[in-house]
Structures are given as structure tokens and as C-alpha cells.
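Notes follow once the structure below has been shown.
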Amino acid sequence: MVQTGEGLRTRSVVRDLTPEREWEEALRQSRQRFQRFFADAPVGVALLDRDGRFDEANRALGRLFGLPPADLIGRLLVDFLPESEARPVARRLADAAANPQSATVPIEVRLKSPRERSATVFMSRLDAPDEAKAGLILHFIDTTEQKSLETQFAQSQKMQAVGQLAGGVAHDFNNLLTAMIGFCDLLLLRFRPGDPSFADIMQIKQNANRAANLVRQLLAFSRQQTLQPRVLSITDVLAELSHLLRRLIGENIELKVVHGRELGLIKVDQGQLEQVIINLAVNARDAMSGGGTLTIRTSNVTTTANVRRGHEIMPPGDYVMIEVVDTGIGIPKENLERIFEPFFSTKEVGSGTGLGLSTVYGIVRQTGGFVFVESEPGKGATFAIYLPRLAAIDAAAAAQRVESSEAPQGRDLTGAGTILLVEDEDPVRLFSARALRNKGYRVIEAKSGEAALELITSGKEQIDLLITDVVMPKMDGPALVKLVRETHPDMKVIFISGYTEDAFRKRLDTDSDIHFLPKPFSLKQLAGKVKEVIVAEPAAT
């Protein structure tokens, strides 16, 4: 305001604040967007000072660490890492803060959170006018699931390799055991029970049968054993098995069997199912050396969504569940993921083969079921087995088929006819040929598929039954049968093998006249199978 002789005059300065206010509003919105991007980012983001302390942390990082983000502020990152990793990570953080070039390489860290998570950390330097205030921006990518999958893949590769080895070893052992058991049977025909040699031969045969059971365990682990599924009621199986279980677990352990109401039927190999329950009962007994309670419960279970336990995913469906619960010492967490591995055992050396639980796993999975375990040290263990439940119509039809296939057979195992026996293992071939000749058959022996094919195509012999090994050099059993069927479509065939039946069935067309006898087999089993096939009516064409 200026005063003059003429009066008062005013002078005003007008400034347009619109651009400034627009800039401030834009800055405010930008900060809000950045804050939202920071807070809601799907990966963990943190700002660290030069000492490695959290200045800021977003929600995703809080979830990764298992803490509210505010609880991280002011704390050192290395405090959340295992002791073995704290020092190397602190060194990397210091290098990254001092040298921007070293911050370009991500680091792998494991967190000491309750869930034992792991993450890949990407670092970038946060510059500031004051060098002392420069820090780091860290991005945490949760790799827990990826690491778990990598571990599972490596484990499955190892299990597959061991399974293939087990299957190959089992095949060779089955050939040896077939000869041992077979020649014992032939010797027993010449000695009476009162003869001193009779007891010695029986000892040899019993030990051979024990070895055969161990081979079956190997095959069960590798899911390569031959199953003979039948429609069964779990209630009936447990009722028959409970007396044996009581003897197995001892007097200081109480056995409780709780049967579910209106339990559904299942289709499994009864012998293999009994082995599963026995293995779990024995395992529980060993965990309750001071006594306790073993409870076996059954129930119907229906799931409407995938059930995930560890790396196993059970699809929705109707199941019959068998729970085996003990009050023993429990299983440490570090062993829970390994208990189904072959040869893994927490027992003392010489106290077990380490195949019990891996056999359980192999049998249940080959049957189409699932087995899960829950345990804590000092609180016992619960093994839950889920087996697919048959629908009422399927159960009735399958039960009728089983009834018709189990018609009683006579004890007379003698017969007549010409049999071509093809087997490259001399001991197995010699025993089988002698056993069948003793039963009245005429037996022609062949050491290879080529020799057998030449004999059949020559037409010099009328062959009533072809018995062939599956695995042979050059021409194997399935290849031989395919060629034979071109000229002799009605030829009856029995495959013998130490491998599973599924290993060759898929290589043949559906054929009701092809039968299977797994090794090792006894004289009675061989003669019984031959009698069954030879007297059977030919398939309708």
C-alpha cells in the first residue's frame, strides 16, 4: 500500500497456485501408488540400512517370515537365518552395499521361521546423497515349494532306480529259489516223514520259502509283485487276523479293533493286505517296548476335493480307511519324510531289514490306495490307509466272479498230454520237466524261444500246452507266443516269470488262453496250474 498526495494506491501480486497444487496432488497420488505397489506386491520387498537392519517391509515379506511387517523393523536380517548361513549372508550384504556390481547376483537363504521356508533374494543398492545413509532394496522370492519339488523329484528318481535294481535282483533270486524249492519237493517224494533226511530237506525248503518272502518284499517295495485281487470285507479280514496280531504284539500291549458300521467292500490281494497290517502292527510293537495300546479302526470316507499330505495328492472319491494307531515313542519330524524309504530304519543294526514300511507303501500304492502318517515324539503314531471303495453293483458282480473262479478242485494232480517247456535257466527247466513227467505228462524241453518255434512250426509234435519263460535272450516269451499264435491260434499258454504279470501282458492282445504262474513255484503249484489249464474248455471264437 502506497500513500500519495492524491490518496491511497494499492499494488497486488497475483500468483497462480494451480500448477503447484496439481503437482502436489500428483506427488501425493504417486506416493500412494508406490505405497500400494510396495505393500501389496506379491513378493517380499524390504529396505535395509547399511548395517543390514530392516527399515521397511511389506506384507508379503511378513507372511514369508511369519511375523507382522512392523515386527521386522529395526531387526537384523541375519537374525532370521540359521547360524550356518548368517555370516556368509552378512558378508554378501556388506559387499552389495559397498559395491553395486556385487549386488547383481541373487543369494539363496533359509529362514528360521516355524515353517522352515527358503527364498531367493535379489539385491539392489539404494543410493543416497549421504553415502553413510545408502542401503539396499531386497526382493524375496519364496522358493519353498520349488525346493520341495526338487527334493521330491530327486527322491523319486532314487526310488525308481532302487526299484529297478530290486526288480532285477528279485528276478534272478526267483529263478534260484524255484530250483531250490522244486528239487526239495522232488526229494520229499522219496523220503517219508520219519526219515532223518526228511527233516533236513524240510529245513532247506522252509528257508527257501523265507527267502521267497523277502524277495516278495523287494517286489512289493518296487510295486512289481503280481497281485491277485479279490472282493473283500475289511471287517472279515481283521477278524481273522486279530488272533495272529495278539500273538505278534505280546501280552504287554493291548489290541483294540474298532469296526466301522456298514463298511464298504474293497478289491485287493488279501495276502498283501494282511502283510500291510502285520507290518504296521510289528512296527507299532517295536515303538511300544514298555507296553501300550494298539488301535485299529475302520470307517467309510468320502472326499469331495483333493487331499494333500506332503507330496502325495489323493483325488476325491469313496474310500475305506484303516487307521493303525499306537501310543509309542512317536516319530521325529526329520524322519517322517523318510520312513517309507527302502532300507531306512531307526532300529538298531540287525533288528530289521528297513523294508517293512516301504513294503507297506508299495503294496498300498500298487493297489490304488494311499497311506499317510501323522506323528510327534512322545505322542505315538497314526498310519491311515485309504483303499478305493467298490460301488454296490461292482462289488456284487466282482464277488460273483470270484465265487465262480474258486470252485473246489480235486486233489488229483496227474494228467496226460504233451507239454513244450521253454526255459533258458537249466535248473528251473530240469525241475519243471521232472515234476511234470512224474505227474504223467510227456514233456519236450527247449532252451530258447528260437528252438521252441522251430519245433512247433515243423509240425512233428502235437503240442497240447506251451509253458514258456517270459525273459529269455534274443526271442523272449511274448515274442514267441505272438509268432506261435499266427499258425496255432488255439495253443494254450502258461507264462512263468520272476517278474510281474503286468510286465508282459501289455505287449499281448487280450487273450483268455494265456495264463501266468509266478516264480518261485512249488511242485504242487506247477502241477495244479497245468492241470487247470489243460482240462479247461477252449475259449469260444
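Ordering of the C-alpha cells sets the chain letters (A, B, ...), residue numbers begin anew at 1 in every chain, and ligands are numbered from 1 in the order given.
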
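If you count only C-alpha atoms and ignore residues fewer than 5 places along the chain from Ala433 of chain A, what sits within 9 Å of it is Leu421, Val428, Asn438, Arg442, Val443, Ile444 and Glu445 of chain A.
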
Put those residues in a file: N, CA and C atoms, as a JSON list (two decimals), in the first residue's frame.
[["chain", "number", "residue", "atom", "x", "y", "z"],
["A", 421, "LEU", "N", 8.12, -127.20, -22.89],
["A", 421, "LEU", "CA", 8.63, -126.37, -21.80],
["A", 421, "LEU", "C", 9.83, -125.57, -22.30],
["A", 428, "VAL", "N", 15.80, -124.59, -13.42],
["A", 428, "VAL", "CA", 14.34, -124.42, -13.43],
["A", 428, "VAL", "C", 13.72, -125.37, -14.44],
["A", 438, "ASN", "N", 6.60, -136.73, -13.70],
["A", 438, "ASN", "CA", 6.12, -137.53, -12.58],
["A", 438, "ASN", "C", 4.60, -137.53, -12.48],
["A", 442, "ARG", "N", 3.88, -135.89, -21.00],
["A", 442, "ARG", "CA", 5.04, -136.00, -21.88],
["A", 442, "ARG", "C", 5.60, -134.60, -22.05],
["A", 443, "VAL", "N", 6.87, -134.41, -21.73],
["A", 443, "VAL", "CA", 7.47, -133.07, -21.72],
["A", 443, "VAL", "C", 8.60, -132.99, -22.74],
["A", 444, "ILE", "N", 8.52, -131.96, -23.59],
["A", 444, "ILE", "CA", 9.59, -131.66, -24.54],
["A", 444, "ILE", "C", 10.26, -130.38, -24.06],
["A", 445, "GLU", "N", 11.59, -130.41, -23.94],
["A", 445, "GLU", "CA", 12.31, -129.26, -23.40],
["A", 445, "GLU", "C", 12.95, -128.44, -24.51]]

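Those residues that approach segment 54-57 of chain A to within 6 Å, counting only C-alpha atoms, are Val45, Ala46, Leu47, Leu48, Pro69, Ile73, Gly74 and Arg75 of chain A; same-chain residues fewer than 2 positions away are not listed.
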
Which residue is closest to Leu61 of chain A? Choose from A:Gly378, A:Pro106, A:Pro42, A:Pro82 and count only C-alpha atoms. A:Pro42

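Every protein, DNA or RNA residue with an atom at most 9 Å from Phe516 of chain A, where only C-alpha atoms count and chain neighbours fewer than 3 positions away do not, is listed here: A:Val493, A:Ile494, A:Phe495, A:Ile496, A:Ser497, A:Glu501, A:Lys529.
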
Take the residues from that selection and write them out as a tab-separated table (two decimals), in the first residue's frame, keeping all heavy atoms.
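Writing the result to result-v2.tsv gives the following:
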chain	number	residue	atom	x	y	z
A	493	VAL	N	-1.33	-121.51	-23.36
A	493	VAL	CA	-0.02	-120.99	-22.95
A	493	VAL	C	-0.02	-120.69	-21.45
A	493	VAL	O	-1.00	-120.15	-20.92
A	493	VAL	CB	0.33	-119.70	-23.73
A	493	VAL	CG1	1.67	-119.14	-23.26
A	493	VAL	CG2	0.36	-119.97	-25.22
A	494	ILE	N	1.08	-121.06	-20.80
A	494	ILE	CA	1.34	-120.62	-19.43
A	494	ILE	C	2.68	-119.89	-19.42
A	494	ILE	O	3.70	-120.46	-19.83
A	494	ILE	CB	1.40	-121.80	-18.44
A	494	ILE	CG1	0.06	-122.53	-18.36
A	494	ILE	CG2	1.79	-121.30	-17.04
A	494	ILE	CD1	0.09	-123.76	-17.44
A	495	PHE	N	2.67	-118.64	-19.00
A	495	PHE	CA	3.91	-117.90	-18.80
A	495	PHE	C	4.41	-118.15	-17.38
A	495	PHE	O	3.62	-118.15	-16.42
A	495	PHE	CB	3.70	-116.40	-18.99
A	495	PHE	CG	3.75	-115.95	-20.42
A	495	PHE	CD1	2.62	-115.44	-21.05
A	495	PHE	CD2	4.93	-116.03	-21.14
A	495	PHE	CE1	2.68	-115.03	-22.37
A	495	PHE	CE2	4.99	-115.61	-22.46
A	495	PHE	CZ	3.87	-115.12	-23.08
A	496	ILE	N	5.71	-118.33	-17.24
A	496	ILE	CA	6.35	-118.39	-15.92
A	496	ILE	C	7.41	-117.30	-15.87
A	496	ILE	O	8.14	-117.07	-16.84
A	496	ILE	CB	6.98	-119.78	-15.63
A	496	ILE	CG1	7.96	-120.19	-16.74
A	496	ILE	CG2	5.91	-120.84	-15.46
A	496	ILE	CD1	8.69	-121.50	-16.47
A	497	SER	N	7.46	-116.58	-14.75
A	497	SER	CA	8.42	-115.48	-14.66
A	497	SER	C	8.58	-115.02	-13.23
A	497	SER	O	7.68	-115.17	-12.40
A	497	SER	CB	7.95	-114.29	-15.51
A	497	SER	OG	8.85	-113.20	-15.39
A	501	GLU	N	3.22	-110.00	-13.75
A	501	GLU	CA	2.43	-110.33	-14.93
A	501	GLU	C	2.20	-109.11	-15.81
A	501	GLU	O	2.18	-109.22	-17.04
A	501	GLU	CB	1.08	-110.92	-14.48
A	501	GLU	CG	0.20	-111.39	-15.61
A	501	GLU	CD	-1.05	-112.07	-15.10
A	501	GLU	OE1	-1.22	-112.17	-13.87
A	501	GLU	OE2	-1.88	-112.49	-15.93
A	529	LYS	N	-1.47	-125.82	-11.71
A	529	LYS	CA	-1.73	-124.86	-12.78
A	529	LYS	C	-1.85	-125.56	-14.12
A	529	LYS	O	-2.74	-125.24	-14.93
A	529	LYS	CB	-0.60	-123.81	-12.82
A	529	LYS	CG	-0.89	-122.63	-13.73
A	529	LYS	CD	-2.01	-121.79	-13.16
A	529	LYS	CE	-2.24	-120.53	-13.98
A	529	LYS	NZ	-3.34	-119.72	-13.44

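Excluding Gly380 of chain A itself and any same-chain residue fewer than 3 positions from it, the protein and nucleic acid residues within 8 Å of it, counting only C-alpha atoms, are Val325, Asp326, Thr327, Gly328, Ile329, Gly330, Ile331, Ser375, Glu376 and Pro377 of chain A.
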
Save out the residues we just selected, N, CA and C atoms, as an mmCIF file, in the first residue's frame.
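File result18.cif, as written:
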data_model
loop_
_atom_site.group_PDB
_atom_site.id
_atom_site.type_symbol
_atom_site.label_atom_id
_atom_site.label_comp_id
_atom_site.auth_asym_id
_atom_site.auth_seq_id
_atom_site.Cartn_x
_atom_site.Cartn_y
_atom_site.Cartn_z
ATOM 1 N N VAL A 325 -3.173 -97.072 14.997
ATOM 2 C CA VAL A 325 -2.746 -96.038 15.953
ATOM 3 C C VAL A 325 -2.022 -96.707 17.116
ATOM 4 N N ASP A 326 -0.848 -96.190 17.462
ATOM 5 C CA ASP A 326 -0.130 -96.710 18.626
ATOM 6 C C ASP A 326 0.147 -95.583 19.616
ATOM 7 N N THR A 327 0.512 -95.974 20.825
ATOM 8 C CA THR A 327 0.845 -95.000 21.873
ATOM 9 C C THR A 327 2.331 -95.046 22.175
ATOM 10 N N GLY A 328 3.113 -95.260 21.141
ATOM 11 C CA GLY A 328 4.558 -95.435 21.313
ATOM 12 C C GLY A 328 5.334 -94.142 21.391
ATOM 13 N N ILE A 329 6.613 -94.252 21.068
ATOM 14 C CA ILE A 329 7.537 -93.129 21.255
ATOM 15 C C ILE A 329 7.383 -92.057 20.188
ATOM 16 N N GLY A 330 6.645 -92.355 19.123
ATOM 17 C CA GLY A 330 6.457 -91.363 18.070
ATOM 18 C C GLY A 330 7.632 -91.318 17.105
ATOM 19 N N ILE A 331 7.487 -90.494 16.089
ATOM 20 C CA ILE A 331 8.494 -90.389 15.029
ATOM 21 C C ILE A 331 8.973 -88.945 14.947
ATOM 22 N N SER A 375 2.566 -88.083 13.259
ATOM 23 C CA SER A 375 3.231 -88.485 14.495
ATOM 24 C C SER A 375 3.998 -87.325 15.083
ATOM 25 N N GLU A 376 4.147 -87.370 16.397
ATOM 26 C CA GLU A 376 5.003 -86.449 17.127
ATOM 27 C C GLU A 376 5.751 -87.245 18.179
ATOM 28 N N PRO A 377 6.994 -86.861 18.475
ATOM 29 C CA PRO A 377 7.746 -87.575 19.514
ATOM 30 C C PRO A 377 6.972 -87.604 20.831
#

Could you list, as a list of chain:residue names, every residue within 7 Å of Asn306 of chain A, counting only C-alpha atoms and ignoring same-chain residues fewer than 2 positions away? A:Arg308, A:Ile313, A:Met314, A:Pro315, A:Pro316

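Using only C-alpha atoms, the shortest contact distance between Val109 of chain A and any of A:Lys267, A:Arg87, A:Arg125, A:Arg230 is found at A:Arg87.
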
Can you work out the spacing between atom CA of Pro193 of chain A and atom CA of Tyr441 of chain A in Å, to one decimal? 27.0 Å

Provide the atom CA of Asp200 of chain A to atom CA of Gly182 of chain A distance in Å, to one decimal place. 15.0 Å

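Between atom CA of Leu188 of chain A and atom CA of Leu430 of chain A the separation is 16.5 Å.
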
Taking 2 positions as the minimum chain separation for residues in the same chain, which residues sit within 10 Å of Tyr386 of chain A when counting only C-alpha atoms? Answer as number ranges by chain. A: 298-301, 314, 318-323, 364-365, 368-372, 383-384, 388-389

With DSSP run on the backbone, what are the helix (DSSP H, G or I) residues within segment 201-338 of chain A? I'd like them as a count of residues only. 59

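When only C-alpha atoms are used to compute distances to His171 of chain A, the closest of the residues A:Arg15, A:His243, A:Lys256, A:Lys519 turns out to be A:Lys519.
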
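The shortest atom-to-atom distance to Glu240 of chain A, with only C-alpha atoms taken into account, belongs to A:Glu274 out of A:Lys447, A:Ala211, A:Val121, A:Glu274.
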